[in-house]
Amino acid sequence: MSLKKLYGRATGIGSMPHSGPDAALDLIFTYFKEIPHWPQLPRRGDAEGLVSQYLAPLLSRGLVALRPNGIPYFCLDEPHWEKRCLEYYELLLAAEDSDEVAEFAFTEESAAGFYAFMERCARQPLEALYLKGQLTGPITAGFRITDPEGKPSFYDPALREIIVKTLAAAARWQLRQLQELGRPVIIFVDEPGLYNYGSSTAVALGRPEIESSLEEIFTAIRATGGITGLHSCAGTDWSLLTGLSLDLINFDAYEYFSSLLVYANLLNPFFARGGALAWGIVPSSDKVLQEDLASLQRLLDSQMKALVKQGAEEDYVRSRYLVTPSCGMGTLTEALAERIYRLTATLEERIF
């Protein structure tokens with residue numbers, strides 16, 4: 001699928017500070033008409049959290065439970081664990097082999113923004129060139145959900161496989177729903193958990209496991225006709241991503257540009273395959289009050305020049321880009337969110 005119409009455009013990340021979907025959608029469709037996204041609304045409550053939104057089948061099938069403090073864990077010690085796993089794998093295999101993946105649908109309680117987005121797109125003239133969805137990544141989920149002893153489940157190959165296949169099925173369901181609106185669909189895999197790689201607190205986190213987990217989800221997205229993206233709002237080893245079947249790398253350029261700079265020469269093969277960088281240049285924090293269009297234009301231009309100086313090809317850097325906020329906005333005020341989206345949209349129009 002050609003990405004040329006994507007280049008130079010703007011979109012948002014996902015989470016919004018609103019307590020209801022209508023106001024969030026008004027903001028999205030005001031500023032990101034060409035690539036609107038559905039809003040995640042964490043202020044509605046725990047139902048819109050990681051496990052409830054994307055991994056609900058694990059809860060409903062009794063493979064995962066919540067501790068009193070809300071931390072999810074795999075119920076390995078339950079007497080019916082093996083039987084539940086077998087039944088769940090049958091469900092996963094059925095979802096892979098057919099278009100019937102309803103078990104992996106969002107519930108209306110956990111994704112009010114998704115269903116409101118679908119309804120609004122269906123009843124109003126749609127100016128969008130693309131539609132954007134999002135999905136929690138397997139590393140982030142695998143560190144959030146633990147085993148019964150509290151160890152991140154990502155370290156356990158069997159538990160990691162369950163998480164990856166569940167997320168792949170959720171991605172396929174989401175894609176098919178959005179594709180009914182008649183536009184190409186982008187799915188960003190949100191992976192703040194990538195910052196764990198190489199840290200002293202996660203020495204057992206291996207590169208092959210990261211790459212294979214992400215690749216399985218990207219493959220599911222591509223096989224379903226989607227465009228693959230990854231969002232990470234922290235510094236990481238970006239060489240993990242440049243060799244994967246990934247179309248868009250979205251990074252926090254405002255705070256963590258230096259982490260990408262050291263991998264500049266590895267970006268050229270990624271660009272040559274048609275990939276693009278989505279520059280999170282507008283800060284998703286109160287730092288946005290210190291910035292305006294001119295200052296962000298200068299910052300982005302200086303960063304692009306630095307990337308070229310370190311070995312990235314200038315034609316690619318200057319043409320194969322998108323602009324976004326640096327991260328989601330679920331913890332901010334609505335006024336800050338409006339300023340962030342307005343600056344991002346205006347930057348798209350006047351970037352050079």
# chains A, B, ... in the order shown; residues from 1 in each chain; ligands from 1
>>> closest_atom_pairs(of="segment 91-173 of chain A", to="segment 191-195 of chain A", cutoff="9 Å", atoms="only C-alpha atoms", output="CSV")
residue,atom,partner,partner_atom,distance
A:Leu135,CA,A:Glu191,CA,8.9
A:Thr136,CA,A:Glu191,CA,6.6
A:Gly137,CA,A:Glu191,CA,5.0
A:Pro138,CA,A:Glu191,CA,7.6
A:Ile139,CA,A:Gly193,CA,5.5
A:Thr140,CA,A:Gly193,CA,4.3
A:Ala141,CA,A:Gly193,CA,8.1
A:Gly142,CA,A:Gly193,CA,8.7
A:Phe143,CA,A:Gly193,CA,7.3
>>> write_last_selection(atoms="C-alpha atoms", output="mmCIF file, in the first residue's frame")
data_model
loop_
_atom_site.group_PDB
_atom_site.id
_atom_site.type_symbol
_atom_site.label_atom_id
_atom_site.label_comp_id
_atom_site.auth_asym_id
_atom_site.auth_seq_id
_atom_site.Cartn_x
_atom_site.Cartn_y
_atom_site.Cartn_z
ATOM 1 C CA LEU A 135 -3.231 -0.863 20.221
ATOM 2 C CA THR A 136 -1.183 -1.485 23.352
ATOM 3 C CA GLY A 137 2.071 -3.241 22.514
ATOM 4 C CA PRO A 138 3.144 -6.669 23.772
ATOM 5 C CA ILE A 139 6.138 -5.431 25.785
ATOM 6 C CA THR A 140 4.038 -2.854 27.602
ATOM 7 C CA ALA A 141 1.284 -5.415 28.234
ATOM 8 C CA GLY A 142 3.791 -8.084 29.212
ATOM 9 C CA PHE A 143 5.303 -5.867 31.882
#
>>> residues_around(residues="segment 244-250 of chain A", least_positions_apart="6", cutoff="8 Å", atoms="only C-alpha atoms", output="list of chain:residue names")
A:Glu211, A:Glu215, A:Phe218, A:Thr219, A:Ile227, A:Thr228, A:Gly229, A:Leu230, A:His231, A:Ser232, A:Gly274, A:Gly275, A:Ala276, A:Leu277, A:Ala278, A:Trp279, A:Gly280
>>> write_last_selection(atoms="N, CA and C atoms", output="PDB file, in the first residue's frame")
ATOM      1  N   GLU A 211      11.627  -8.374  19.137  1.00  0.00           N
ATOM      2  CA  GLU A 211      11.419  -8.288  17.695  1.00  0.00           C
ATOM      3  C   GLU A 211      10.360  -9.274  17.209  1.00  0.00           C
ATOM      4  N   GLU A 215       6.847  -8.229  15.553  1.00  0.00           N
ATOM      5  CA  GLU A 215       6.681  -8.638  14.157  1.00  0.00           C
ATOM      6  C   GLU A 215       5.402  -9.439  13.961  1.00  0.00           C
ATOM      7  N   PHE A 218       2.671  -6.842  13.752  1.00  0.00           N
ATOM      8  CA  PHE A 218       2.747  -6.090  12.495  1.00  0.00           C
ATOM      9  C   PHE A 218       2.297  -6.963  11.327  1.00  0.00           C
ATOM     10  N   THR A 219       2.677  -8.229  11.340  1.00  0.00           N
ATOM     11  CA  THR A 219       2.272  -9.143  10.271  1.00  0.00           C
ATOM     12  C   THR A 219       0.755  -9.296  10.229  1.00  0.00           C
ATOM     13  N   ILE A 227      -1.935  -0.406   7.708  1.00  0.00           N
ATOM     14  CA  ILE A 227      -0.631   0.261   7.722  1.00  0.00           C
ATOM     15  C   ILE A 227      -0.099   0.176   9.149  1.00  0.00           C
ATOM     16  N   THR A 228       1.161  -0.222   9.288  1.00  0.00           N
ATOM     17  CA  THR A 228       1.725  -0.476  10.609  1.00  0.00           C
ATOM     18  C   THR A 228       2.503   0.726  11.121  1.00  0.00           C
ATOM     19  N   GLY A 229       2.249   1.077  12.371  1.00  0.00           N
ATOM     20  CA  GLY A 229       3.001   2.131  13.033  1.00  0.00           C
ATOM     21  C   GLY A 229       3.367   1.709  14.439  1.00  0.00           C
ATOM     22  N   LEU A 230       4.395   2.311  14.986  1.00  0.00           N
ATOM     23  CA  LEU A 230       4.754   2.094  16.385  1.00  0.00           C
ATOM     24  C   LEU A 230       5.009   3.441  17.034  1.00  0.00           C
ATOM     25  N   HIS A 231       4.423   3.634  18.216  1.00  0.00           N
ATOM     26  CA  HIS A 231       4.626   4.856  18.999  1.00  0.00           C
ATOM     27  C   HIS A 231       5.371   4.515  20.277  1.00  0.00           C
ATOM     28  N   SER A 232       6.484   5.204  20.504  1.00  0.00           N
ATOM     29  CA  SER A 232       7.189   5.082  21.777  1.00  0.00           C
ATOM     30  C   SER A 232       7.535   6.482  22.249  1.00  0.00           C
ATOM     31  N   GLY A 274       9.975   2.712   1.963  1.00  0.00           N
ATOM     32  CA  GLY A 274       8.760   3.521   1.974  1.00  0.00           C
ATOM     33  C   GLY A 274       8.338   3.967   3.352  1.00  0.00           C
ATOM     34  N   GLY A 275       9.150   3.655   4.381  1.00  0.00           N
ATOM     35  CA  GLY A 275       8.817   4.042   5.742  1.00  0.00           C
ATOM     36  C   GLY A 275       8.936   5.537   5.969  1.00  0.00           C
ATOM     37  N   ALA A 276       8.320   5.990   7.050  1.00  0.00           N
ATOM     38  CA  ALA A 276       8.345   7.412   7.391  1.00  0.00           C
ATOM     39  C   ALA A 276       8.482   7.563   8.903  1.00  0.00           C
ATOM     40  N   LEU A 277       9.070   8.692   9.308  1.00  0.00           N
ATOM     41  CA  LEU A 277       9.146   9.050  10.721  1.00  0.00           C
ATOM     42  C   LEU A 277       7.986   9.975  11.061  1.00  0.00           C
ATOM     43  N   ALA A 278       7.308   9.677  12.144  1.00  0.00           N
ATOM     44  CA  ALA A 278       6.269  10.563  12.667  1.00  0.00           C
ATOM     45  C   ALA A 278       6.882  11.292  13.855  1.00  0.00           C
ATOM     46  N   TRP A 279       7.166  12.575  13.659  1.00  0.00           N
ATOM     47  CA  TRP A 279       7.905  13.367  14.635  1.00  0.00           C
ATOM     48  C   TRP A 279       6.945  13.899  15.706  1.00  0.00           C
ATOM     49  N   GLY A 280       7.111  13.406  16.930  1.00  0.00           N
ATOM     50  CA  GLY A 280       6.319  13.923  18.052  1.00  0.00           C
ATOM     51  C   GLY A 280       6.946  15.204  18.564  1.00  0.00           C
TER      52      GLY A 280
END
>>> atom_distance(atom1="atom CA of Tyr254 of chain A", atom2="atom CA of Ser326 of chain A")
6.6 Å
>>> select_by_dssp(residues="segment 41-247 of chain A", states="helix (DSSP H, G or I)", output="PyMOL selection string")
chain A and resi 42-44+46-48+50-54+56-60+81-97+102-104+112-123+138-144+153-155+157-179+192-196+200-202+207-223+239-242
>>> residues_around(residues="Ser295 of chain A", least_positions_apart="4", cutoff="12 Å", atoms="only C-alpha atoms", output="list in words")
Tyr254, Ile281, Val282, Pro283, Val288, Leu289, Gln290, Glu291, Leu299, Leu300, Asp301, Ser302, Leu343, Leu347 and Ile351 of chain A
>>> write_last_selection(atoms="N, CA and C atoms", output="mmCIF file, in the first residue's frame")
data_model
loop_
_atom_site.group_PDB
_atom_site.id
_atom_site.type_symbol
_atom_site.label_atom_id
_atom_site.label_comp_id
_atom_site.auth_asym_id
_atom_site.auth_seq_id
_atom_site.Cartn_x
_atom_site.Cartn_y
_atom_site.Cartn_z
ATOM 1 N N TYR A 254 10.477 15.847 20.824
ATOM 2 C CA TYR A 254 10.679 17.013 21.696
ATOM 3 C C TYR A 254 11.624 16.687 22.843
ATOM 4 N N ILE A 281 6.810 16.249 17.793
ATOM 5 C CA ILE A 281 7.550 17.485 18.034
ATOM 6 C C ILE A 281 6.813 18.464 18.944
ATOM 7 N N VAL A 282 5.504 18.288 19.106
ATOM 8 C CA VAL A 282 4.721 19.195 19.956
ATOM 9 C C VAL A 282 4.582 18.553 21.336
ATOM 10 N N PRO A 283 5.130 19.173 22.372
ATOM 11 C CA PRO A 283 5.146 18.509 23.685
ATOM 12 C C PRO A 283 3.753 18.289 24.258
ATOM 13 N N VAL A 288 4.224 22.944 26.419
ATOM 14 C CA VAL A 288 3.673 23.509 25.189
ATOM 15 C C VAL A 288 3.357 24.993 25.363
ATOM 16 N N LEU A 289 3.180 25.436 26.593
ATOM 17 C CA LEU A 289 2.913 26.860 26.856
ATOM 18 C C LEU A 289 4.137 27.726 26.567
ATOM 19 N N GLN A 290 5.320 27.097 26.533
ATOM 20 C CA GLN A 290 6.551 27.826 26.250
ATOM 21 C C GLN A 290 6.871 27.873 24.755
ATOM 22 N N GLU A 291 6.059 27.206 23.951
ATOM 23 C CA GLU A 291 6.336 27.069 22.524
ATOM 24 C C GLU A 291 5.262 27.745 21.684
ATOM 25 N N LEU A 299 12.841 24.127 15.860
ATOM 26 C CA LEU A 299 13.308 22.909 16.505
ATOM 27 C C LEU A 299 13.274 21.736 15.537
ATOM 28 N N LEU A 300 12.175 21.572 14.831
ATOM 29 C CA LEU A 300 12.063 20.461 13.895
ATOM 30 C C LEU A 300 13.103 20.572 12.788
ATOM 31 N N ASP A 301 13.294 21.769 12.269
ATOM 32 C CA ASP A 301 14.280 21.968 11.208
ATOM 33 C C ASP A 301 15.686 21.622 11.704
ATOM 34 N N SER A 302 16.025 22.057 12.914
ATOM 35 C CA SER A 302 17.354 21.770 13.448
ATOM 36 C C SER A 302 17.548 20.273 13.673
ATOM 37 N N LEU A 343 -1.480 23.500 17.526
ATOM 38 C CA LEU A 343 -0.104 23.702 17.084
ATOM 39 C C LEU A 343 0.335 22.586 16.126
ATOM 40 N N LEU A 347 1.401 23.312 12.352
ATOM 41 C CA LEU A 347 2.758 22.942 11.947
ATOM 42 C C LEU A 347 2.743 22.144 10.658
ATOM 43 N N ILE A 351 5.149 23.802 7.678
ATOM 44 C CA ILE A 351 6.347 23.185 8.228
ATOM 45 C C ILE A 351 7.616 23.729 7.604
#
>>> residues_around(residues="Glu313 of chain A", least_positions_apart="6", cutoff="9 Å", atoms="only C-alpha atoms", output="PyMOL selection string")
chain A and resi 264-265+267-268+271+307
>>> write_last_selection(atoms="N, CA and C atoms", output="PDB file, in the first residue's frame")
ATOM      1  N   ALA A 264      20.948   7.247  13.151  1.00  0.00           N
ATOM      2  CA  ALA A 264      20.560   7.939  11.915  1.00  0.00           C
ATOM      3  C   ALA A 264      20.897   7.135  10.664  1.00  0.00           C
ATOM      4  N   ASN A 265      22.074   6.518  10.634  1.00  0.00           N
ATOM      5  CA  ASN A 265      22.468   5.804   9.414  1.00  0.00           C
ATOM      6  C   ASN A 265      21.662   4.533   9.184  1.00  0.00           C
ATOM      7  N   LEU A 267      18.456   4.424   9.420  1.00  0.00           N
ATOM      8  CA  LEU A 267      17.136   4.809   8.941  1.00  0.00           C
ATOM      9  C   LEU A 267      17.005   4.719   7.421  1.00  0.00           C
ATOM     10  N   ASN A 268      18.113   4.788   6.688  1.00  0.00           N
ATOM     11  CA  ASN A 268      18.009   4.845   5.233  1.00  0.00           C
ATOM     12  C   ASN A 268      17.342   3.610   4.623  1.00  0.00           C
ATOM     13  N   PHE A 271      13.658   4.027   5.281  1.00  0.00           N
ATOM     14  CA  PHE A 271      13.083   5.005   4.359  1.00  0.00           C
ATOM     15  C   PHE A 271      12.951   4.425   2.951  1.00  0.00           C
ATOM     16  N   LEU A 307      19.922  15.026  11.904  1.00  0.00           N
ATOM     17  CA  LEU A 307      19.768  13.646  11.452  1.00  0.00           C
ATOM     18  C   LEU A 307      20.502  13.434  10.132  1.00  0.00           C
TER      19      LEU A 307
END
>>> residues_around(residues="Ser284 of chain A", least_positions_apart="2", cutoff="12 Å", atoms="only C-alpha atoms", output="mmCIF file with C-alpha atoms, in the first residue's frame")
data_model
loop_
_atom_site.group_PDB
_atom_site.id
_atom_site.type_symbol
_atom_site.label_atom_id
_atom_site.label_comp_id
_atom_site.auth_asym_id
_atom_site.auth_seq_id
_atom_site.Cartn_x
_atom_site.Cartn_y
_atom_site.Cartn_z
ATOM 1 C CA GLY A 12 -2.812 12.445 17.201
ATOM 2 C CA ILE A 13 -1.657 9.642 19.466
ATOM 3 C CA GLY A 14 -4.779 8.345 21.197
ATOM 4 C CA SER A 15 -5.560 9.276 24.782
ATOM 5 C CA MET A 16 -7.554 12.451 25.438
ATOM 6 C CA PRO A 17 -8.392 14.290 28.703
ATOM 7 C CA CYS A 233 7.301 8.159 23.974
ATOM 8 C CA ASP A 252 8.998 11.824 21.073
ATOM 9 C CA ALA A 253 11.167 14.247 19.142
ATOM 10 C CA TYR A 254 10.679 17.013 21.696
ATOM 11 C CA GLU A 255 12.254 15.184 24.642
ATOM 12 C CA GLY A 280 6.319 13.923 18.052
ATOM 13 C CA ILE A 281 7.550 17.485 18.034
ATOM 14 C CA VAL A 282 4.721 19.195 19.956
ATOM 15 C CA ASP A 286 2.620 22.123 30.018
ATOM 16 C CA LYS A 287 5.894 22.789 28.181
ATOM 17 C CA VAL A 288 3.673 23.509 25.189
ATOM 18 C CA LEU A 289 2.913 26.860 26.856
ATOM 19 C CA GLN A 290 6.551 27.826 26.250
ATOM 20 C CA GLU A 291 6.336 27.069 22.524
ATOM 21 C CA THR A 324 2.203 14.477 15.948
ATOM 22 C CA PRO A 325 2.098 15.441 19.599
ATOM 23 C CA SER A 326 4.903 13.816 21.558
ATOM 24 C CA CYS A 327 2.558 11.495 23.449
ATOM 25 C CA GLY A 328 -1.026 10.990 24.535
ATOM 26 C CA MET A 329 -2.878 13.627 26.539
ATOM 27 C CA GLY A 330 -4.993 11.651 28.985
ATOM 28 C CA THR A 331 -3.554 13.378 32.056
ATOM 29 C CA LEU A 332 -3.704 16.952 30.730
ATOM 30 C CA THR A 333 -6.379 19.638 30.803
ATOM 31 C CA GLU A 334 -8.737 20.106 27.897
ATOM 32 C CA ALA A 335 -7.288 23.571 27.303
ATOM 33 C CA LEU A 336 -3.772 22.169 26.945
ATOM 34 C CA ALA A 337 -5.039 19.450 24.633
ATOM 35 C CA GLU A 338 -6.637 22.030 22.373
ATOM 36 C CA ARG A 339 -3.396 24.038 22.198
ATOM 37 C CA ILE A 340 -1.365 20.912 21.427
ATOM 38 C CA TYR A 341 -3.671 19.823 18.615
ATOM 39 C CA LEU A 343 -0.104 23.702 17.084
ATOM 40 C CA THR A 344 0.327 20.241 15.562
#
>>> closest_residue(among="A:Ala112, A:Ala23, A:Ala95, A:Val189", to="Ala169 of chain A", atoms="only C-alpha atoms")
A:Ala95
>>> residues_around(residues="Glu127 of chain A", least_positions_apart="2", cutoff="9 Å", atoms="only C-alpha atoms", output="list in words")
Lys33, Glu34, Ile35, Pro125 and Leu129 of chain A
>>> select_by_dssp(residues="segment 111-232 of chain A", states="strand (DSSP E)", output="list of chain:residue names")
A:Leu131, A:Lys132, A:Gly133, A:Gln134, A:Leu135, A:Thr136, A:Val185, A:Ile186, A:Ile187, A:Phe188, A:Val189, A:Asp190, A:Ile227, A:Thr228, A:Gly229, A:Leu230, A:His231, A:Ser232
>>> residues_around(residues="Ala312 of chain A", least_positions_apart="4", cutoff="12 Å", atoms="only C-alpha atoms", output="MDAnalysis selection string")
chainID A and resid 260:272 277 303:308 316:318 320
>>> write_last_selection(atoms="N, CA and C atoms", output="CSV table (one decimal), in the first residue's frame")
chain,number,residue,atom,x,y,z
A,260,LEU,N,17.3,8.9,19.1
A,260,LEU,CA,17.2,8.5,17.7
A,260,LEU,C,18.4,8.9,16.9
A,261,LEU,N,19.0,10.0,17.2
A,261,LEU,CA,20.1,10.5,16.4
A,261,LEU,C,21.3,9.5,16.2
A,262,VAL,N,21.6,8.7,17.3
A,262,VAL,CA,22.7,7.8,17.1
A,262,VAL,C,22.4,6.7,16.2
A,263,TYR,N,21.2,6.5,15.8
A,263,TYR,CA,20.8,5.5,14.8
A,263,TYR,C,20.5,6.0,13.4
A,264,ALA,N,20.9,7.2,13.2
A,264,ALA,CA,20.6,7.9,11.9
A,264,ALA,C,20.9,7.1,10.7
A,265,ASN,N,22.1,6.5,10.6
A,265,ASN,CA,22.5,5.8,9.4
A,265,ASN,C,21.7,4.5,9.2
A,266,LEU,N,21.0,4.0,10.2
A,266,LEU,CA,20.2,2.8,10.1
A,266,LEU,C,18.8,3.1,9.5
A,267,LEU,N,18.5,4.4,9.4
A,267,LEU,CA,17.1,4.8,8.9
A,267,LEU,C,17.0,4.7,7.4
A,268,ASN,N,18.1,4.8,6.7
A,268,ASN,CA,18.0,4.8,5.2
A,268,ASN,C,17.3,3.6,4.6
A,269,PRO,N,17.7,2.4,5.0
A,269,PRO,CA,17.0,1.2,4.5
A,269,PRO,C,15.5,1.3,4.8
A,270,PHE,N,15.2,1.7,6.0
A,270,PHE,CA,13.8,1.9,6.4
A,270,PHE,C,13.0,2.9,5.5
A,271,PHE,N,13.7,4.0,5.3
A,271,PHE,CA,13.1,5.0,4.4
A,271,PHE,C,13.0,4.4,3.0
A,272,ALA,N,14.0,3.7,2.5
A,272,ALA,CA,14.0,3.2,1.1
A,272,ALA,C,12.8,2.2,0.9
A,277,LEU,N,9.1,8.7,9.3
A,277,LEU,CA,9.1,9.0,10.7
A,277,LEU,C,8.0,10.0,11.1
A,303,GLN,N,16.5,19.6,14.1
A,303,GLN,CA,16.6,18.1,14.3
A,303,GLN,C,16.8,17.4,13.0
A,304,MET,N,16.0,17.8,12.0
A,304,MET,CA,16.2,17.2,10.7
A,304,MET,C,17.6,17.4,10.1
A,305,LYS,N,18.1,18.6,10.3
A,305,LYS,CA,19.5,18.8,9.9
A,305,LYS,C,20.5,18.0,10.6
A,306,ALA,N,20.3,17.8,11.9
A,306,ALA,CA,21.2,17.0,12.7
A,306,ALA,C,21.1,15.5,12.2
A,307,LEU,N,19.9,15.0,11.9
A,307,LEU,CA,19.8,13.6,11.5
A,307,LEU,C,20.5,13.4,10.1
A,308,VAL,N,20.4,14.4,9.2
A,308,VAL,CA,21.1,14.3,8.0
A,308,VAL,C,22.6,14.3,8.2
A,316,TYR,N,15.0,11.8,2.0
A,316,TYR,CA,14.1,11.0,2.8
A,316,TYR,C,13.6,11.8,4.0
A,317,VAL,N,14.5,12.4,4.8
A,317,VAL,CA,14.2,13.1,6.0
A,317,VAL,C,13.2,14.2,5.7
A,318,ARG,N,13.4,14.9,4.7
A,318,ARG,CA,12.6,16.1,4.4
A,318,ARG,C,11.3,15.8,3.7
A,320,ARG,N,9.7,12.2,3.9
A,320,ARG,CA,9.0,11.1,4.5
A,320,ARG,C,8.8,11.4,6.0
>>> closest_residue(among="A:Ile145, A:Asp156, A:Leu131, A:Pro208", to="Glu180 of chain A", atoms="only C-alpha atoms")
A:Leu131
>>> closest_residue(among="A:Glu108, A:Asp46, A:Glu119, A:Glu103", to="Leu25 of chain A", atoms="only C-alpha atoms")
A:Glu119
>>> closest_residue(among="A:Tyr73, A:Leu86, A:Gln310, A:Leu322", to="Glu349 of chain A", atoms="only C-alpha atoms")
A:Leu322
